[in-house]
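Single-structure report; data block below.
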Amino acid sequence: MEWTLEVVTLPVADLDRAKDFYETKCGFKADLDSEVAPGVRVIQITPPGSRCSFAMMTGLPPAPGQDAMAPGSLQGLQLCVTDIEAARAELAGRGVDVTPVRTLGARGWEDGKGDAEWSSFCFFKDPDGNGWTVQEAPSPLAER
């Protein structure tokens with residue numbers, strides 16, 4: 001049996017503001033924006049090339065046994081790209097407040113792109129404060 005991670009719930013305060021941020025500033029695609037039941041709205045967004053989407057919603061109570069997440073409380077969502085500098089430039093060019101490229105190495109975090117595979121990152125937050133990590137991968141997912 002395959003266990004595929006396909007949708008992550010992202011807690012936001014304002015669906016329209018969040019949708020605009022992810023579509024306009026990040027360049028992600030809105031796959032769904034629908035009132036799926038009276039008073040329940042779901043927006044599903046997918047980053048280009050991703051096999052996993054994220055959903056933002058209002059009007060839906062937490063699933064049994066789960067707690068509601070406060071807007072901005074999700075941290076460490078991670079995207080992988082094959083060119084960290086180009087990804088950072090694209091985000092910054094679209095108006096996203098993204099950190100400089102940083103490398104994680106033996107001395108901790110340092111500015112600039114590293115030489116080791118998987119060691120270069122940049123970071124940004126959405127308008128609610130949900131934290132995203134962008135990491136450089138050595139090849140596209142389909143080739144790994």
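Just so we're on the same page: first chain in the structure tokens is A, next is B, and so on; residues restart at 1 for each chain, and ligands are numbered from 1 in the order they show up.
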
List every residue of range 26-133 of chain A that DSSP, applied to the backbone of this structure, assigns to alpha helix (DSSP H), and report them as a PyMOL selection string. chain A and resi 84-93

Long-range neighbours of range 125-135 of chain A as a ChimeraX atom specification, 12 Å cut-off, only C-alpha atoms, 6 positions minimum in chain: /A:9-23,25-26,47,56,69-88,91,95-104,113-114,117-119

All residues 6 Å or closer to Arg41 in chain A, only C-alpha atoms, same chain fewer than 6 positions away omitted, as an NGL selection string: :A and (34-35 or 57-58)

Could you write out the selected residues, including all heavy atoms, as a PDB file, in the first residue's frame?
```pdb
ATOM      1  N   SER A  34     -14.193  26.679  -3.503  1.00  0.00           N
ATOM      2  CA  SER A  34     -15.590  26.283  -3.558  1.00  0.00           C
ATOM      3  C   SER A  34     -16.231  26.270  -2.182  1.00  0.00           C
ATOM      4  O   SER A  34     -15.591  25.951  -1.186  1.00  0.00           O
ATOM      5  CB  SER A  34     -15.678  24.878  -4.167  1.00  0.00           C
ATOM      6  OG  SER A  34     -17.005  24.452  -4.270  1.00  0.00           O
ATOM      7  N   GLU A  35     -17.524  26.575  -2.161  1.00  0.00           N
ATOM      8  CA  GLU A  35     -18.320  26.352  -0.966  1.00  0.00           C
ATOM      9  C   GLU A  35     -18.815  24.912  -1.083  1.00  0.00           C
ATOM     10  O   GLU A  35     -19.722  24.617  -1.865  1.00  0.00           O
ATOM     11  CB  GLU A  35     -19.482  27.340  -0.858  1.00  0.00           C
ATOM     12  CG  GLU A  35     -20.222  27.186   0.450  1.00  0.00           C
ATOM     13  CD  GLU A  35     -21.288  28.247   0.666  1.00  0.00           C
ATOM     14  OE1 GLU A  35     -21.953  28.633  -0.309  1.00  0.00           O
ATOM     15  OE2 GLU A  35     -21.454  28.662   1.818  1.00  0.00           O
ATOM     16  N   MET A  57      -9.371  26.615   4.700  1.00  0.00           N
ATOM     17  CA  MET A  57     -10.824  26.491   4.763  1.00  0.00           C
ATOM     18  C   MET A  57     -11.416  27.273   5.928  1.00  0.00           C
ATOM     19  O   MET A  57     -10.719  27.603   6.883  1.00  0.00           O
ATOM     20  CB  MET A  57     -11.228  25.027   4.844  1.00  0.00           C
ATOM     21  CG  MET A  57     -10.610  24.280   6.007  1.00  0.00           C
ATOM     22  SD  MET A  57     -10.727  22.490   5.825  1.00  0.00           S
ATOM     23  CE  MET A  57      -9.441  22.185   4.627  1.00  0.00           C
ATOM     24  N   THR A  58     -12.708  27.546   5.789  1.00  0.00           N
ATOM     25  CA  THR A  58     -13.485  28.139   6.877  1.00  0.00           C
ATOM     26  C   THR A  58     -14.773  27.343   7.028  1.00  0.00           C
ATOM     27  O   THR A  58     -15.266  26.744   6.078  1.00  0.00           O
ATOM     28  CB  THR A  58     -13.853  29.612   6.603  1.00  0.00           C
ATOM     29  OG1 THR A  58     -14.595  29.684   5.392  1.00  0.00           O
ATOM     30  CG2 THR A  58     -12.629  30.497   6.535  1.00  0.00           C
TER      31      THR A  58
END
```

Could you work out how far CA of Gly49 in chain A lies from CA of Ala63 in chain A, giving the answer in Å with one decimal? 28.7 Å

List every residue of range 41-79 of chain A that DSSP, applied to the backbone, labels as strand (DSSP E or B), and write the result as a list in words.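 Result set for range 41-79 of chain A (strand (DSSP E or B)): Arg41, Val42, Ile43, Gln44, Ile45, Thr46, Ser53, Phe54, Ala55, Met56, Met57, Thr58, Leu77, Gln78 and Leu79 of chain A.
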
Got a sec: who's within 8 Å of Val7 in chain A, counting only C-alpha atoms, leaving out chain neighbours fewer than 5 positions off, as a PyMOL selection string? chain A and resi 52-55

Those same residues, written as a short mmCIF file (atom, residue, chain, number, x, y, z; two decimals), in the first residue's frame with all heavy atoms?
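Below you can see part.cif, which holds the result:
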```
data_model
loop_
_atom_site.label_atom_id
_atom_site.label_comp_id
_atom_site.auth_asym_id
_atom_site.auth_seq_id
_atom_site.Cartn_x
_atom_site.Cartn_y
_atom_site.Cartn_z
N CYS A 52 1.94 17.48 -3.80
CA CYS A 52 1.16 17.75 -2.59
C CYS A 52 0.60 19.16 -2.66
O CYS A 52 1.31 20.10 -3.04
CB CYS A 52 2.04 17.59 -1.35
SG CYS A 52 1.15 17.75 0.21
N SER A 53 -0.66 19.30 -2.31
CA SER A 53 -1.33 20.59 -2.26
C SER A 53 -1.53 20.99 -0.82
O SER A 53 -1.29 20.21 0.09
CB SER A 53 -2.70 20.48 -2.94
OG SER A 53 -2.59 20.06 -4.27
N PHE A 54 -2.01 22.21 -0.62
CA PHE A 54 -2.45 22.60 0.71
C PHE A 54 -3.84 23.19 0.60
O PHE A 54 -4.22 23.72 -0.44
CB PHE A 54 -1.45 23.51 1.43
CG PHE A 54 -1.11 24.79 0.71
CD1 PHE A 54 -1.81 25.95 0.98
CD2 PHE A 54 -0.06 24.84 -0.19
CE1 PHE A 54 -1.50 27.14 0.34
CE2 PHE A 54 0.27 26.01 -0.82
CZ PHE A 54 -0.45 27.17 -0.57
N ALA A 55 -4.60 22.99 1.67
CA ALA A 55 -5.98 23.45 1.70
C ALA A 55 -6.16 24.46 2.82
O ALA A 55 -5.64 24.29 3.92
CB ALA A 55 -6.93 22.27 1.90
#
```

Calculate how many Å separate CA of Gly105 in chain A from CA of Phe121 in chain A, rounding to one decimal. 11.4 Å

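Here CA of Pro140 in chain A and CA of Asp31 in chain A stand 22.2 Å from one another.
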